[in-house]
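**Q** Supplied in structure tokens, the structure appears directly below.
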Amino acid sequence: MQMQFTLAPEPEQEARERGRLLFAAQVLFLKGVVAMAGLPPADRIEVCFAGRSNVGKSSLINALTGRKNLARASNTPGRTQEINFFTTEGGPYLVDLPGYGFAEAPVAIVKKWQALLKSYLSGRATLRRAFVLIDARHGVKAVDEEILQLLDRSAVTFQAVLTKADKISKAELERVIEQVKGALAKHPAAYPEIVVTSSEKGEGIETLRAIIATLA
């Protein structure tokens, strides 16, 4: 039986408040990791954010946390080569993964941080959910499929988050949502609710906060 995918509903008041409180409290940068040996102790659950370069990952993390510069966006897509860990008070680690799919960097360096990305996704026992960011202007592309397949193989539940929803018309957004639903249907590790967001307009931010808070 094929999984039915829907848009994530507006959170109930209790979940909304849990999300507000989690992200209203202090969120701090902990460390950047360039090798698996440098990962912090697996002493709490964590959620990670993955997406191709220039998908708006830093902007989304900043919008979630209400901090303008917590996650630093590079002017050159693909420059972020570390796994960046952020702490929340009494909640999970927030993990910002290197962007994939494009990088103005030497091939050897690209391969090194792509290998780190894959090692983390397949080998971190405390990883509760991966949020895979998909640009609403483009939908799921071939470059995303490799990560989705890796998450399937690793049995890591992932949830699609559409970014930059304010950049396209409502009709185009509906078309892209249908394309994303079709792509996700092939992946057993996909969580059946899609979150539509706009970091600029604040759309979907409370919903995503509530989801993360209830995972904790």
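Residue numbers start at 1 in each chain; chains themselves are named A, B, ... in the order of the structure tokens; ligands are numbered from 1 in the order shown.
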Please provide the set of residues having any atom within 12 Å of range 65-67 of chain A, restricted to only C-alpha atoms, with same-chain residues fewer than 6 positions apart removed, written as a ChimeraX atom specification.

**A** /A:19-29,58-59,86-89,94,199-200,202,205-206,208-209,212

**Q** With C-alpha atoms kept, could you save the residues just selected as a PDB file, in the first residue's frame?

**A**
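Output contents, as saved in again-v5.pdb:
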```
ATOM      1  CA  GLY A  19       7.924  24.938  20.039  1.00  0.00           C
ATOM      2  CA  ARG A  20       7.820  28.602  20.999  1.00  0.00           C
ATOM      3  CA  LEU A  21       9.430  27.952  24.377  1.00  0.00           C
ATOM      4  CA  LEU A  22      12.143  25.697  22.939  1.00  0.00           C
ATOM      5  CA  PHE A  23      13.297  28.295  20.459  1.00  0.00           C
ATOM      6  CA  ALA A  24      12.690  31.318  22.682  1.00  0.00           C
ATOM      7  CA  ALA A  25      15.320  29.907  25.032  1.00  0.00           C
ATOM      8  CA  GLN A  26      19.024  30.113  24.348  1.00  0.00           C
ATOM      9  CA  VAL A  27      20.318  28.411  21.213  1.00  0.00           C
ATOM     10  CA  LEU A  28      24.093  28.373  20.943  1.00  0.00           C
ATOM     11  CA  PHE A  29      26.671  27.308  18.398  1.00  0.00           C
ATOM     12  CA  SER A  58      20.933  28.911   6.919  1.00  0.00           C
ATOM     13  CA  SER A  59      17.988  31.274   6.509  1.00  0.00           C
ATOM     14  CA  PHE A  86      23.862  23.973  17.897  1.00  0.00           C
ATOM     15  CA  THR A  87      22.526  23.352  21.400  1.00  0.00           C
ATOM     16  CA  THR A  88      19.026  24.065  22.675  1.00  0.00           C
ATOM     17  CA  GLU A  89      18.073  24.295  26.361  1.00  0.00           C
ATOM     18  CA  LEU A  94      20.249  21.154  15.835  1.00  0.00           C
ATOM     19  CA  SER A 199      11.955  32.108   6.011  1.00  0.00           C
ATOM     20  CA  GLU A 200      11.306  35.619   4.721  1.00  0.00           C
ATOM     21  CA  GLY A 202       7.590  33.290   8.449  1.00  0.00           C
ATOM     22  CA  ILE A 205       8.079  28.293  10.988  1.00  0.00           C
ATOM     23  CA  GLU A 206       5.753  27.696  13.963  1.00  0.00           C
ATOM     24  CA  LEU A 208       8.394  23.228  12.156  1.00  0.00           C
ATOM     25  CA  ARG A 209       9.221  24.463  15.659  1.00  0.00           C
ATOM     26  CA  ILE A 212      10.975  19.567  16.539  1.00  0.00           C
TER      27      ILE A 212
END
```

**Q** I'd like to know which residues of chain A are helix (DSSP H, G or I) (by DSSP, run on the backbone); could you write them as a PyMOL selection string?

**A** chain A and resi 13-24+36-38+57-65+107-123+142-153+165-167+170-184+205-215

**Q** Using DSSP on the backbone, list every residue of chain A that comes out as strand (DSSP E), and give them as a ChimeraX atom specification.

**A** /A:6-7,27-33,46-51,83-88,93-96,127-135,158-163,193-196

**Q** For Ala142 in chain A, which of A:Leu39, A:Gly101, A:Pro188, A:Pro11 is the closest residue, counting only C-alpha atoms?

**A**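 Ranked by minimum distance to Ala142 in chain A, first place goes to A:Gly101.
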
**Q** Using only C-alpha atoms, determine which residues lie at most 8 Å from range 166-172 of chain A, disregarding the query and same-chain residues fewer than 4 positions distant; provide the list as a short mmCIF file (atom, residue, chain, number, x, y, z; two decimals) with N, CA, C and O atoms, in the first residue's frame.

**A**
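Below is the file that was written, around27.cif:
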```
data_model
loop_
_atom_site.label_atom_id
_atom_site.label_comp_id
_atom_site.auth_asym_id
_atom_site.auth_seq_id
_atom_site.Cartn_x
_atom_site.Cartn_y
_atom_site.Cartn_z
N ALA A 136 11.23 25.20 -3.23
CA ALA A 136 9.89 25.16 -3.80
C ALA A 136 9.87 25.62 -5.26
O ALA A 136 8.91 25.32 -5.99
N ARG A 137 10.90 26.29 -5.69
CA ARG A 137 10.94 26.73 -7.09
C ARG A 137 11.32 25.60 -8.04
O ARG A 137 11.10 25.69 -9.25
N VAL A 176 4.33 21.95 -7.61
CA VAL A 176 5.57 21.43 -7.03
C VAL A 176 5.27 20.48 -5.88
O VAL A 176 5.93 19.44 -5.74
N SER A 198 8.49 29.61 4.37
CA SER A 198 9.14 30.79 3.82
C SER A 198 9.87 31.47 4.98
O SER A 198 9.23 31.97 5.90
N GLU A 200 11.50 34.17 4.84
CA GLU A 200 11.31 35.62 4.72
C GLU A 200 9.95 36.05 5.28
O GLU A 200 9.85 37.06 5.98
N LYS A 201 8.92 35.27 5.01
CA LYS A 201 7.56 35.62 5.43
C LYS A 201 7.14 34.97 6.74
O LYS A 201 6.12 35.31 7.32
#
```

**Q** Quick one: residues within 9 Å of Leu116 in chain A, only C-alpha atoms counted, chain neighbours fewer than 5 positions away excluded, as a list in words?

**A** Val34, Ala35, Met36, Glu82, Ile83, Lys111 and Leu121 of chain A

**Q** Could you pull the residues within 7 Å of Asp135 in chain A, counting only C-alpha atoms, minus those fewer than 5 positions along the same chain, as an NGL selection string?

**A** :A and (55 or 162-164)

**Q** Given the selection you just returned, output its residues as a file containing N, CA and C atoms, formatted as an mmCIF file, in the first residue's frame.

**A**
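What landed in selection-v5.cif:
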```cif
data_model
loop_
_atom_site.group_PDB
_atom_site.id
_atom_site.type_symbol
_atom_site.label_atom_id
_atom_site.label_comp_id
_atom_site.auth_asym_id
_atom_site.auth_seq_id
_atom_site.Cartn_x
_atom_site.Cartn_y
_atom_site.Cartn_z
ATOM 1 N N VAL A 55 19.753 26.222 -1.003
ATOM 2 C CA VAL A 55 18.337 25.900 -0.794
ATOM 3 C C VAL A 55 17.705 26.780 0.279
ATOM 4 N N LEU A 162 9.720 22.241 2.250
ATOM 5 C CA LEU A 162 9.846 23.124 1.093
ATOM 6 C C LEU A 162 10.250 24.513 1.568
ATOM 7 N N THR A 163 11.260 25.071 0.936
ATOM 8 C CA THR A 163 11.730 26.411 1.280
ATOM 9 C C THR A 163 11.356 27.396 0.167
ATOM 10 N N LYS A 164 11.405 28.685 0.507
ATOM 11 C CA LYS A 164 11.195 29.764 -0.458
ATOM 12 C C LYS A 164 9.825 29.683 -1.128
#
```

**Q** With distances taken over only C-alpha atoms, which of A:Gly90, A:Arg44, A:Asn84, A:Ile134 is nearest to Leu70 in chain A?

**A**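 Using only C-alpha atoms, the shortest distance to Leu70 in chain A belongs to A:Asn84.
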
**Q** Closest to Ser119 in chain A among A:Val95, A:Ala190, A:Ala37, A:Leu133, using only C-alpha atoms?

**A**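 Nearest to Ser119 in chain A: A:Ala37.
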
**Q** Of the candidates A:Gln81, A:Gln114, A:Thr197, A:Thr207, which one gets nearest to Glu146 in chain A if we count only C-alpha atoms?

**A**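 The shortest atom-to-atom distance to Glu146 in chain A comes from A:Gln114.
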
**Q** So, with only C-alpha atoms as the atoms that count, which of A:Val195, A:Thr214, A:Ile147, A:Ala15 lies closest to Ala165 in chain A?

**A**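 Looking at the shortest contact to Ala165 in chain A, the residue is A:Val195.
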
**Q** Mind giving me the straight-line distance from CA of Leu184 in chain A to CA of Phe49 in chain A in Å, one decimal?

**A** 16.9 Å

**Q** Find, counting only C-alpha atoms, the residue in A:Phe85, A:Tyr191, A:Tyr93, A:Tyr100 that gets nearest to Ala216 in chain A.

**A**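 Distance minimum relative to Ala216 in chain A lands on A:Tyr93.
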
**Q** So how far away is CA of Leu150 in chain A from CA of Arg175 in chain A, in Å?

**A** 26.1 Å

**Q** Could you tell me how far CA of Lys181 in chain A sits from CA of Val140 in chain A, in Å to one decimal place?

**A**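 Answer for the CA of Val140 in chain A to CA of Lys181 in chain A separation: 9.4 Å.
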